[in-house]
Every structure is written in structure tokens, then in C-alpha cells.
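Visitor: Below you'll find target21.csv; it's CSV, C-alpha atoms.
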chain,number,residue,atom,x,y,z
A,1,MET,CA,15.8,-5.1,-33.0
A,2,ARG,CA,18.5,-7.0,-31.1
A,3,LEU,CA,21.2,-5.5,-33.4
A,4,PHE,CA,19.9,-2.0,-32.7
A,5,HIS,CA,19.9,-2.6,-28.9
A,6,ALA,CA,23.5,-3.7,-29.3
A,7,LEU,CA,24.5,-0.6,-31.1
A,8,LEU,CA,22.7,1.6,-28.7
A,9,ALA,CA,24.4,-0.1,-25.8
A,10,THR,CA,27.9,0.6,-27.2
A,11,THR,CA,29.5,3.0,-24.8
A,12,ALA,CA,33.3,2.9,-25.4
A,13,PHE,CA,35.1,3.8,-28.6
A,14,THR,CA,38.9,3.8,-29.4
A,15,LEU,CA,39.4,6.8,-29.7
A,16,ALA,CA,64.7,25.3,-43.1
A,17,PRO,CA,65.7,28.7,-42.8
A,18,ALA,CA,64.6,30.8,-45.8
A,19,CYS,CA,67.3,31.6,-48.4
A,20,ALA,CA,68.2,35.2,-49.0
A,21,PRO,CA,67.1,36.5,-52.4
A,22,LYS,CA,69.8,37.0,-55.0
A,23,SER,CA,70.6,40.6,-55.9
A,24,ALA,CA,69.8,41.7,-59.5
A,25,PRO,CA,72.7,42.2,-61.8
A,26,ALA,CA,74.1,45.7,-61.8
A,27,ASP,CA,72.9,46.3,-65.4
A,28,THR,CA,69.3,45.0,-64.7
A,29,PRO,CA,66.8,47.6,-63.5
A,30,SER,CA,64.8,46.6,-60.4
A,31,GLU,CA,61.1,46.0,-60.9
A,32,PRO,CA,58.6,47.9,-58.8
A,33,ALA,CA,57.5,46.0,-55.7
A,34,ALA,CA,53.9,46.0,-56.9
A,35,GLU,CA,54.9,44.0,-60.0
A,36,ILE,CA,57.0,41.3,-58.2
A,37,VAL,CA,54.7,40.6,-55.2
A,38,ALA,CA,52.2,37.9,-56.2
A,39,GLU,CA,48.6,38.7,-55.3
A,40,ALA,CA,47.4,36.6,-52.4
A,41,GLU,CA,45.0,33.9,-53.3
A,42,ALA,CA,41.4,34.6,-52.2
A,43,PRO,CA,40.1,32.1,-49.5
A,44,ALA,CA,38.0,29.2,-50.8
A,45,PRO,CA,34.3,30.0,-50.7
A,46,LEU,CA,32.0,28.3,-48.1
A,47,THR,CA,30.6,25.0,-49.4
A,48,VAL,CA,28.4,22.4,-47.8
A,49,ASN,CA,28.2,18.7,-48.5
A,50,VAL,CA,24.9,17.0,-47.7
A,51,LEU,CA,25.5,13.5,-46.2
A,52,ASP,CA,22.9,10.8,-46.3
A,53,CYS,CA,22.8,9.6,-42.7
A,54,GLY,CA,19.9,7.2,-43.0
A,55,SER,CA,16.2,6.8,-43.5
A,56,LEU,CA,13.3,6.5,-41.1
A,57,THR,CA,9.9,5.1,-42.0
A,58,VAL,CA,7.3,6.2,-39.4
A,59,THR,CA,4.5,3.6,-39.2
A,60,ASP,CA,2.3,5.9,-37.1
A,61,LEU,CA,2.8,9.7,-37.1
A,62,ASP,CA,0.6,10.3,-34.1
A,63,ALA,CA,3.6,11.0,-31.9
A,64,PHE,CA,4.6,13.9,-34.3
A,65,SER,CA,1.5,16.1,-33.5
A,66,SER,CA,0.1,16.9,-30.1
A,67,ALA,CA,-3.0,18.1,-31.9
A,68,GLY,CA,-3.9,14.4,-32.7
A,69,ASP,CA,-4.4,15.0,-36.4
A,70,TYR,CA,-1.6,12.7,-37.6
A,71,ALA,CA,-2.9,9.5,-36.0
A,72,GLY,CA,-2.7,6.5,-38.4
A,73,GLN,CA,-0.7,8.3,-41.0
A,74,THR,CA,2.7,7.0,-42.2
A,75,ASP,CA,5.7,8.8,-43.8
A,76,THR,CA,9.3,8.2,-44.8
A,77,LEU,CA,11.8,10.7,-43.5
A,78,THR,CA,15.3,11.3,-44.6
A,79,ASP,CA,18.1,11.7,-42.0
A,80,THR,CA,20.8,14.1,-43.1
A,81,CYS,CA,24.1,15.4,-41.8
A,82,TYR,CA,26.0,18.4,-43.2
A,83,LEU,CA,29.7,18.9,-43.7
A,84,ILE,CA,30.4,22.7,-43.7
A,85,ASN,CA,33.7,23.5,-45.5
A,86,HIS,CA,35.1,26.8,-44.3
A,87,PRO,CA,38.5,28.3,-45.1
A,88,ASP,CA,39.3,28.0,-41.4
A,89,GLY,CA,38.2,24.4,-40.9
A,90,ARG,CA,35.3,22.0,-41.3
A,91,LEU,CA,32.2,21.7,-39.1
A,92,LEU,CA,30.1,18.5,-39.1
A,93,TRP,CA,26.5,19.3,-38.2
A,94,ASP,CA,24.7,16.2,-36.8
A,95,LEU,CA,25.7,12.5,-36.8
A,96,GLY,CA,22.7,10.6,-38.1
A,97,LEU,CA,21.8,7.0,-37.3
A,98,PRO,CA,24.3,4.5,-35.9
A,99,GLY,CA,26.8,3.2,-38.4
A,100,MET,CA,26.2,-0.4,-37.4
A,101,LEU,CA,23.0,-0.2,-39.5
A,102,VAL,CA,25.0,-0.3,-42.7
A,103,GLY,CA,24.6,-3.7,-44.2
A,104,ALA,CA,22.1,-4.8,-41.5
A,105,GLY,CA,18.9,-4.1,-43.5
A,106,GLU,CA,15.9,-2.4,-42.0
A,107,GLN,CA,15.6,-2.5,-38.2
A,108,THR,CA,12.6,-1.6,-36.1
A,109,VAL,CA,13.1,0.9,-33.2
A,110,GLY,CA,10.8,2.3,-30.6
A,111,GLY,CA,7.8,0.5,-32.1
A,112,ILE,CA,7.1,3.1,-34.8
A,113,PHE,CA,10.4,3.6,-36.6
A,114,LYS,CA,11.9,1.4,-39.3
A,115,VAL,CA,15.4,2.6,-39.9
A,116,SER,CA,18.2,1.8,-42.4
A,117,MET,CA,21.4,3.3,-43.8
A,118,GLY,CA,23.5,2.8,-46.8
A,119,LYS,CA,26.9,4.4,-46.0
A,120,THR,CA,28.6,5.6,-42.9
A,121,ILE,CA,29.9,9.2,-42.5
A,122,THR,CA,33.4,7.9,-42.8
A,123,GLN,CA,32.6,6.1,-46.1
A,124,GLN,CA,31.0,9.3,-47.4
A,125,LEU,CA,34.0,11.4,-46.4
A,126,ALA,CA,36.2,9.0,-48.2
A,127,ASP,CA,34.1,9.6,-51.4
A,128,LEU,CA,35.1,13.3,-51.0
A,129,GLY,CA,38.8,12.5,-50.5
A,130,LEU,CA,38.6,13.2,-46.7
A,131,THR,CA,38.8,11.4,-43.4
A,132,PRO,CA,37.3,12.2,-40.0
A,133,ALA,CA,40.7,13.7,-39.1
A,134,ASP,CA,39.9,16.5,-41.5
A,135,ILE,CA,37.0,17.7,-39.3
A,136,LYS,CA,37.7,20.4,-36.8
A,137,TYR,CA,34.4,21.0,-35.2
A,138,LEU,CA,31.3,18.9,-34.4
A,139,SER,CA,27.9,20.3,-33.4
A,140,LEU,CA,24.5,18.8,-33.0
A,141,SER,CA,21.0,20.2,-33.6
A,142,HIS,CA,20.0,18.1,-30.6
A,143,ASP,CA,20.7,14.9,-28.7
A,144,HIS,CA,18.2,12.4,-30.0
A,145,PHE,CA,19.2,8.9,-31.3
A,146,ASP,CA,18.9,9.8,-35.0
A,147,HIS,CA,21.3,12.8,-34.7
A,148,ILE,CA,24.1,11.3,-32.6
A,149,GLY,CA,24.5,7.8,-34.0
A,150,GLN,CA,28.0,8.0,-35.4
A,151,ILE,CA,30.0,9.7,-32.7
A,152,ASP,CA,32.4,6.8,-32.7
A,153,GLN,CA,33.7,7.9,-36.1
A,154,VAL,CA,34.6,11.5,-35.2
A,155,GLN,CA,36.5,11.2,-31.9
A,156,GLY,CA,39.1,14.0,-31.5
A,157,VAL,CA,37.0,16.9,-32.8
A,158,THR,CA,36.0,19.9,-30.7
A,159,TRP,CA,32.4,19.5,-29.8
A,160,ILE,CA,30.5,22.8,-29.8
A,161,VAL,CA,27.4,22.2,-27.6
A,162,GLN,CA,24.7,24.3,-26.0
A,163,GLU,CA,25.2,24.3,-22.2
A,164,ASP,CA,21.5,23.3,-21.7
A,165,GLU,CA,21.9,20.4,-24.1
A,166,TYR,CA,25.1,19.3,-22.4
A,167,ASN,CA,23.3,19.4,-19.1
A,168,ASP,CA,20.5,17.4,-20.6
A,169,MET,CA,23.0,14.7,-21.6
A,170,PHE,CA,25.2,14.9,-18.5
A,171,PRO,CA,23.2,16.5,-15.6
A,172,PRO,CA,25.3,18.3,-13.0
A,173,GLU,CA,25.6,16.5,-9.7
A,174,GLY,CA,22.6,17.1,-7.6
A,175,ALA,CA,20.4,18.5,-10.4
A,176,ALA,CA,16.8,17.4,-10.5
A,177,THR,CA,16.3,15.8,-13.9
A,178,GLN,CA,14.1,13.2,-15.5
A,179,ALA,CA,15.9,9.9,-16.0
A,180,ALA,CA,17.0,9.3,-19.6
A,181,ASP,CA,16.2,6.1,-21.5
A,182,PRO,CA,19.1,3.8,-20.7
A,183,GLN,CA,19.8,3.0,-24.3
A,184,LEU,CA,19.9,6.7,-25.2
A,185,ALA,CA,22.1,7.4,-22.1
A,186,ALA,CA,24.5,4.7,-23.4
A,187,MET,CA,24.8,6.6,-26.7
A,188,TRP,CA,25.4,9.9,-24.9
A,189,ALA,CA,28.2,8.3,-22.9
A,190,ALA,CA,30.3,8.1,-26.1
A,191,PHE,CA,30.5,11.9,-26.1
A,192,ARG,CA,32.4,11.9,-22.8
A,193,PRO,CA,35.9,11.7,-24.3
A,194,LEU,CA,35.3,14.8,-26.5
A,195,GLU,CA,36.6,18.2,-25.5
A,196,PRO,CA,33.4,20.3,-25.3
A,197,LEU,CA,33.2,24.0,-26.2
A,198,LYS,CA,30.1,24.9,-24.2
A,199,ILE,CA,28.0,27.8,-25.5
A,200,LYS,CA,24.9,29.7,-24.3
A,201,GLY,CA,22.7,31.0,-27.0
A,202,ASP,CA,23.9,32.0,-30.5
A,203,HIS,CA,27.5,31.3,-31.6
A,204,ASP,CA,29.5,32.5,-34.6
A,205,VAL,CA,31.6,29.4,-35.3
A,206,PHE,CA,34.3,31.0,-37.4
A,207,GLY,CA,33.9,34.6,-36.3
A,208,ASP,CA,33.0,36.0,-39.8
A,209,GLY,CA,29.2,35.6,-39.7
A,210,THR,CA,29.1,32.8,-42.3
A,211,VAL,CA,28.3,29.9,-40.0
A,212,LYS,CA,26.1,30.6,-36.9
A,213,ILE,CA,24.6,28.2,-34.4
A,214,LEU,CA,21.3,29.6,-33.1
A,215,GLU,CA,19.7,28.2,-30.0
A,216,MET,CA,16.0,27.5,-30.5
A,217,PRO,CA,14.9,25.2,-27.6
A,218,GLY,CA,11.7,23.2,-27.2
A,219,HIS,CA,12.4,20.0,-29.0
A,220,THR,CA,15.1,19.5,-26.5
A,221,PRO,CA,16.4,21.9,-23.9
A,222,GLY,CA,19.3,23.2,-26.1
A,223,HIS,CA,17.9,22.4,-29.5
A,224,SER,CA,19.6,24.6,-32.2
A,225,VAL,CA,19.4,25.4,-35.9
A,226,LEU,CA,22.3,26.4,-38.2
A,227,LEU,CA,22.4,29.6,-40.2
A,228,LEU,CA,24.7,29.6,-43.2
A,229,ASP,CA,25.6,32.6,-45.5
A,230,MET,CA,26.3,30.8,-48.8
A,231,PRO,CA,28.1,32.6,-51.7
A,232,GLU,CA,25.5,31.5,-54.2
A,233,SER,CA,22.3,30.6,-52.2
A,234,GLY,CA,22.6,33.4,-49.7
A,235,PRO,CA,21.2,32.8,-46.2
A,236,VAL,CA,20.3,29.1,-45.6
A,237,LEU,CA,18.7,27.8,-42.4
A,238,LEU,CA,19.1,24.1,-41.4
A,239,ALA,CA,16.1,23.6,-39.2
A,240,GLY,CA,17.2,20.6,-37.1
A,241,ASP,CA,14.1,19.1,-35.7
A,242,LEU,CA,12.2,22.3,-35.2
A,243,TYR,CA,10.0,20.8,-37.9
A,244,HIS,CA,10.1,17.2,-39.2
A,245,ARG,CA,7.8,17.6,-42.2
A,246,LYS,CA,6.5,20.4,-44.5
A,247,GLU,CA,3.0,20.0,-43.0
A,248,SER,CA,4.5,20.4,-39.5
A,249,ARG,CA,5.8,23.8,-40.5
A,250,THR,CA,2.6,24.9,-42.2
A,251,LEU,CA,0.4,23.8,-39.4
A,252,ARG,CA,2.8,24.5,-36.5
A,253,ARG,CA,2.5,21.0,-35.2
A,254,VAL,CA,4.5,20.0,-32.1
A,255,PRO,CA,5.6,16.4,-31.5
A,256,ARG,CA,4.2,14.8,-28.3
A,257,PHE,CA,7.8,13.8,-27.3
A,258,ASN,CA,9.1,17.4,-27.4
A,259,TRP,CA,10.7,18.7,-24.1
A,260,SER,CA,8.4,21.8,-24.1
A,261,GLU,CA,5.6,22.7,-26.4
A,262,PRO,CA,5.5,26.4,-25.3
A,263,GLU,CA,9.3,26.7,-25.9
A,264,THR,CA,8.9,25.0,-29.3
A,265,LEU,CA,6.2,27.4,-30.4
A,266,ALA,CA,8.3,30.4,-29.3
A,267,SER,CA,11.2,29.0,-31.3
A,268,MET,CA,9.0,28.6,-34.3
A,269,ASP,CA,8.0,32.2,-34.1
A,270,LYS,CA,11.7,33.3,-33.8
A,271,PHE,CA,12.7,31.0,-36.7
A,272,GLU,CA,10.0,32.2,-39.0
A,273,ALA,CA,10.7,35.9,-38.2
A,274,LEU,CA,14.4,35.3,-39.0
A,275,ALA,CA,13.7,33.4,-42.2
A,276,SER,CA,11.4,36.2,-43.4
A,277,GLU,CA,13.9,39.0,-42.4
A,278,LEU,CA,16.8,37.3,-44.2
A,279,GLY,CA,14.8,35.9,-47.1
A,280,ALA,CA,16.5,32.6,-46.1
A,281,LYS,CA,16.2,29.3,-47.9
A,282,VAL,CA,14.8,26.8,-45.2
A,283,ILE,CA,15.9,23.2,-45.3
A,284,LEU,CA,14.0,20.7,-43.1
A,285,GLN,CA,16.6,18.1,-42.4
A,286,HIS,CA,14.1,15.2,-42.4
A,287,GLU,CA,12.0,16.3,-45.4
A,288,PRO,CA,12.9,14.5,-48.7
A,289,ASP,CA,11.3,17.3,-50.7
A,290,ASP,CA,13.8,19.8,-49.2
A,291,VAL,CA,16.9,17.5,-49.3
A,292,GLU,CA,16.7,15.7,-52.6
A,293,PRO,CA,16.8,18.8,-54.9
A,294,LEU,CA,20.1,19.8,-53.2
A,295,GLY,CA,21.9,17.1,-55.1
A,296,GLY,CA,24.3,16.6,-52.2
A,297,VAL,CA,25.7,20.1,-52.2
A,298,ILE,CA,24.8,23.6,-50.9
A,299,ARG,CA,26.6,26.5,-52.5
Once more with this new file: its structure as C-alpha cells, please.
Guide:
Amino acid sequence: MRLFHALLATTAFTLAPACAPKSAPADTPSEPAAEIVAEAEAPAPLTVNVLDCGSLTVTDLDAFSSAGDYAGQTDTLTDTCYLINHPDGRLLWDLGLPGMLVGAGEQTVGGIFKVSMGKTITQQLADLGLTPADIKYLSLSHDHFDHIGQIDQVQGVTWIVQEDEYNDMFPPEGAATQAADPQLAAMWAAFRPLEPLKIKGDHDVFGDGTVKILEMPGHTPGHSVLLLDMPESGPVLLAGDLYHRKESRTLRRVPRFNWSEPETLASMDKFEALASELGAKVILQHEPDDVEPLGGVIR
């Protein structure tokens, strides 16, 4: 626990002229332009790498249902991040648990969470032949501790953030807000050096409809989900923490710690209508049964 307090309290991170073509010999007929102009290469298709950003064992699920029907139950949730590879740049969706957990064994947080992690985002990028410098954009489903933990590893990116979520993390001067947990506020402070691109509502990241951030508040004020139009899978929805478990989606269960239960239920309605309309594949980011079959890649 002491180690986790230390990592939560960390607030500062170091961040030739072209040659003219030769003329053809006089006795050599010129080729038609259509035959000598190489066909432009098609842009690389959209791909997504699924990163393992930790594991959370919940020793009492009561906090995950305001209906009171989860009391005394336990479950192990995965914690995932997603590297979206687009021809115009890469977007990292969510940041998982803090990197200081790697090599530290299982730690207890908040009384009901036992957390652990095997590799940092940077280590997993290296496995793909990449570094954090290859990431252009960062966006978060929301600002909770298990989705923001490795901000120190991606300084220098453009942070696409819902305005309501940004104001939750950094309230405007004079705003009447509920005081944040000091340890969580310390983690938020690490986002200060980033250049934010504040958005309000839905946002088409690359302008071609393949990667869209959709605001669906309730879990937090600016909670969002990610809609992907994949070349093989078709529409895919990354659900953030709109739902944590399959049962939560089936039963429409709202965690007790959500910012607004009515807003959450409204977002669930919006999400399900969209998923049905598009015939989208839904991935619950904390649900092992959704994540493990992916095999680390969405195509």
C-alpha cells in the first residue's frame, strides 16, 4: 500500500533540389504517361493493438451496483489500453494502472482492489518496434486511477479531452466543485504539461469517420466511449467504464461511485441504440471474456 501511495503522489515528470529527368534518346519513342506514372500506394488499413495495462481483483463488488445485488461477490477484471494505428497518426486510448506496479507484486488499493501489472505501456510499445514518441494523440475514457496511471510515459502528445472531464480534473477558478481525493488529484496534476485539445460532445479524430470519440457521461462528467470502423471487424465500440462486467450490461447496473446514475442510464440507452443500429462489436474494457479472444489485435 505504501508503494501505491508513493506512485499516486508522484506529480512531476520529465518531460536537395530534385534532378531534372533525362530526355529519351531521339530514336526511342516516349511511353504514355499512364504507363510511366507509378500507382500511388493505398494507405495502410486501420489496426488496433490491445495493451495489457494491469489486473484488478475486486474483493467485494458491492460498490459496482447501486441495486445492492453484488454485495459479497468477487471478480477479477482486466485493465486494457488501446493503440489505434491510423495512416495519419496513432491514438492511445487510456493509460491503465501506474507503471510503478511492474515488479512490485500485488498491491491493495482503496480497500477492495488488489492490483498488479506485468509490463508498462513503454515496454509493450517496444515489443511492437515503437516508442512513446510514435504516438500523436492521447485520449481517456475517463479520469479514474486505473485509466490514467502511465501519463509519465507519454508526455509530448496532444491530449484530446472532453471539456467536462478537463473541468472535473482542473476546475475553473471560482467553480463550485466537490474536492477530489488528494491522491487522485496528484495523478491528475501530471496531465498539466500536456497541450489539451478540448472537445465538447462527439469528435472525429482523423476526420474520416474511422475513429470517433463519443461523449457518454455518467460514470464521470465527461466519460466517453470510442467508436472504430475496422476494415475486417466493421464497427467496434470500446465501452470505457460504461459497463465493467457482462452482468452489468445485461442488468443495467450502475456503480455506487458513479458521478450521476440518471446520466449513466441515459448513456446506456444511447450506447445500446447505437450498437444495435450499427451492428457493432462491443468490447467491455474490464471484461476478460471480451478482451482475451482478441489475441492482442483488433482488425
Visitor: Rank A:Asp62, A:Ala104, A:Leu46, A:Thr122 by their smallest atom-to-atom distance to Gly209 (chain A), using all atoms listed in the file, and report the top residue only.
Guide: A:Leu46
Visitor: Could you check which of A:Glu292, A:Asp52, A:Asp202, A:Glu247 is closest to His147 (chain A), using only C-alpha atoms?
Guide: A:Asp52
Visitor: Out of A:Pro217, A:Pro172, A:Pro87, A:Gly129, which residue has the shortest atom-to-atom distance to Thr47 (chain A) when counting all atoms listed in the file?
Guide: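 When distances to Thr47 (chain A) are compared using all atoms listed in the file, the smallest one comes from A:Pro87.
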Visitor: How many Å separate CA of His219 (chain A) from CA of Asp152 (chain A)?
Guide: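 For CA of His219 (chain A) relative to CA of Asp152 (chain A), the distance reads 24.2 Å.
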Visitor: Between A:Ser139, A:Gly234, A:Leu227, A:Leu51, which is the closest to Ala126 (chain A) once you count all atoms listed in the file?
Guide: A:Leu51
Visitor: Pick from A:Phe113, A:Pro43, A:Ser65, A:Leu274: nearest to Arg249 (chain A), with all atoms listed in the file counted?
Guide: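 Distance minimum relative to Arg249 (chain A) lands on A:Ser65.
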Visitor: Report as a PyMOL selection string all protein, DNA and RNA residues lying within 8 Å of Val282 (chain A), evaluated on only C-alpha atoms, omitting residues in the same chain fewer than 6 positions from it.
Guide: chain A and resi 236-239+275
Visitor: What does the distance from CA of Met216 (chain A) to CA of Thr158 (chain A) come to in Å, to one decimal?
Guide: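 Straight-line distance from CA of Met216 (chain A) to CA of Thr158 (chain A) works out to 21.4 Å.
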Visitor: Which residues are near Gly99 (chain A)? Cut-off 12 Å, only C-alpha atoms, ignore same chain within fewer than 5 positions. Put them as an MDAnalysis selection string.
Guide: chainID A and resid 3:4 6:8 10 52:54 104:105 115:124 145:154
Visitor: What does the distance between CA of Glu277 (chain A) and CA of Arg252 (chain A) come to in Å, to one decimal place?
Guide: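 Between CA of Glu277 (chain A) and CA of Arg252 (chain A) the gap is 19.2 Å.
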Visitor: Which is closest to His86 (chain A) among A:Ala133, A:Leu228, A:Ala44, A:Ile160, if we use all atoms listed in the file?
Guide: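 Counting all atoms listed in the file, the residue closest to His86 (chain A) is A:Ala44.
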Visitor: Quick one: residues within 12 Å of Asp60 (chain A), only C-alpha atoms, excluding same-chain residues fewer than 4 positions away - as a PyMOL selection string?
Guide: chain A and resi 56+64-65+68-76+110-114
Visitor: I'd like the contact shell of region 155-157 of chain A - 8 Å cut-off, all atoms listed in the file, skipping same-chain residues fewer than 5 positions apart - returned as an NGL selection string.
Guide: :A and (15 or 133 or 135-138 or 193-195)
Visitor: Hey, can you spit out that residue selection with C-alpha atoms as an mmCIF file, in the frame of the given file?
Guide:
data_model
loop_
_atom_site.group_PDB
_atom_site.id
_atom_site.type_symbol
_atom_site.label_atom_id
_atom_site.label_comp_id
_atom_site.auth_asym_id
_atom_site.auth_seq_id
_atom_site.Cartn_x
_atom_site.Cartn_y
_atom_site.Cartn_z
ATOM 1 C CA LEU A 15 39.400 6.800 -29.700
ATOM 2 C CA ALA A 133 40.700 13.700 -39.100
ATOM 3 C CA ILE A 135 37.000 17.700 -39.300
ATOM 4 C CA LYS A 136 37.700 20.400 -36.800
ATOM 5 C CA TYR A 137 34.400 21.000 -35.200
ATOM 6 C CA LEU A 138 31.300 18.900 -34.400
ATOM 7 C CA PRO A 193 35.900 11.700 -24.300
ATOM 8 C CA LEU A 194 35.300 14.800 -26.500
ATOM 9 C CA GLU A 195 36.600 18.200 -25.500
#
Visitor: Would you fill out region 155-182 of chain A with N, CA and C atoms and return it as a compact mmCIF listing (two decimals), keeping the file's coordinate frame?
Guide:
# COMPACT_ATOMS: atom_id res chain seq x y z
N GLN A 155 35.79 10.91 -33.15
CA GLN A 155 36.50 11.20 -31.90
C GLN A 155 37.69 12.12 -32.22
N GLY A 156 37.98 13.08 -31.32
CA GLY A 156 39.10 14.00 -31.50
C GLY A 156 38.72 15.36 -31.98
N VAL A 157 37.46 15.56 -32.35
CA VAL A 157 37.00 16.90 -32.80
C VAL A 157 36.69 17.74 -31.54
N THR A 158 36.54 19.05 -31.76
CA THR A 158 36.00 19.90 -30.70
C THR A 158 34.50 19.96 -30.84
N TRP A 159 33.82 19.63 -29.76
CA TRP A 159 32.40 19.50 -29.80
C TRP A 159 31.76 20.83 -29.28
N ILE A 160 31.15 21.58 -30.20
CA ILE A 160 30.50 22.80 -29.80
C ILE A 160 29.04 22.45 -29.42
N VAL A 161 28.71 22.72 -28.16
CA VAL A 161 27.40 22.20 -27.60
C VAL A 161 26.80 23.28 -26.74
N GLN A 162 25.49 23.43 -26.90
CA GLN A 162 24.70 24.30 -26.00
C GLN A 162 24.85 23.79 -24.58
N GLU A 163 25.07 24.70 -23.65
CA GLU A 163 25.20 24.30 -22.20
C GLU A 163 23.97 23.56 -21.76
N ASP A 164 22.77 24.01 -22.17
CA ASP A 164 21.50 23.30 -21.70
C ASP A 164 21.43 21.94 -22.33
N GLU A 165 21.95 21.75 -23.52
CA GLU A 165 21.90 20.40 -24.10
C GLU A 165 22.93 19.50 -23.45
N TYR A 166 24.10 20.05 -23.16
CA TYR A 166 25.10 19.30 -22.40
C TYR A 166 24.58 18.81 -21.09
N ASN A 167 23.90 19.70 -20.38
CA ASN A 167 23.30 19.40 -19.10
C ASN A 167 22.19 18.38 -19.18
N ASP A 168 21.53 18.35 -20.32
CA ASP A 168 20.50 17.40 -20.60
C ASP A 168 21.11 15.97 -20.71
N MET A 169 22.27 15.92 -21.36
CA MET A 169 23.00 14.70 -21.60
C MET A 169 23.72 14.23 -20.32
N PHE A 170 24.34 15.20 -19.64
CA PHE A 170 25.20 14.90 -18.50
C PHE A 170 24.76 15.88 -17.34
N PRO A 171 23.68 15.57 -16.63
CA PRO A 171 23.20 16.50 -15.60
C PRO A 171 24.23 16.75 -14.53
N PRO A 172 24.36 18.01 -14.12
CA PRO A 172 25.30 18.30 -13.00
C PRO A 172 24.89 17.57 -11.76
N GLU A 173 25.87 17.28 -10.95
CA GLU A 173 25.60 16.50 -9.70
C GLU A 173 24.59 17.28 -8.87
N GLY A 174 23.59 16.56 -8.43
CA GLY A 174 22.60 17.10 -7.60
C GLY A 174 21.41 17.78 -8.31
N ALA A 175 21.49 17.85 -9.67
CA ALA A 175 20.40 18.50 -10.40
C ALA A 175 19.20 17.55 -10.48
N ALA A 176 18.04 18.15 -10.38
CA ALA A 176 16.80 17.40 -10.50
C ALA A 176 16.41 17.23 -11.92
N THR A 177 16.59 16.05 -12.47
CA THR A 177 16.30 15.80 -13.90
C THR A 177 15.53 14.52 -14.04
N GLN A 178 14.85 14.42 -15.17
CA GLN A 178 14.10 13.20 -15.50
C GLN A 178 15.10 12.16 -16.02
N ALA A 179 15.00 10.93 -15.54
CA ALA A 179 15.90 9.90 -16.00
C ALA A 179 15.80 9.63 -17.46
N ALA A 180 16.94 9.55 -18.13
CA ALA A 180 17.00 9.30 -19.60
C ALA A 180 16.75 7.81 -19.84
N ASP A 181 16.26 7.52 -21.04
CA ASP A 181 16.20 6.10 -21.50
C ASP A 181 17.58 5.53 -21.42
N PRO A 182 17.73 4.34 -20.84
CA PRO A 182 19.10 3.80 -20.70
C PRO A 182 19.83 3.58 -21.98
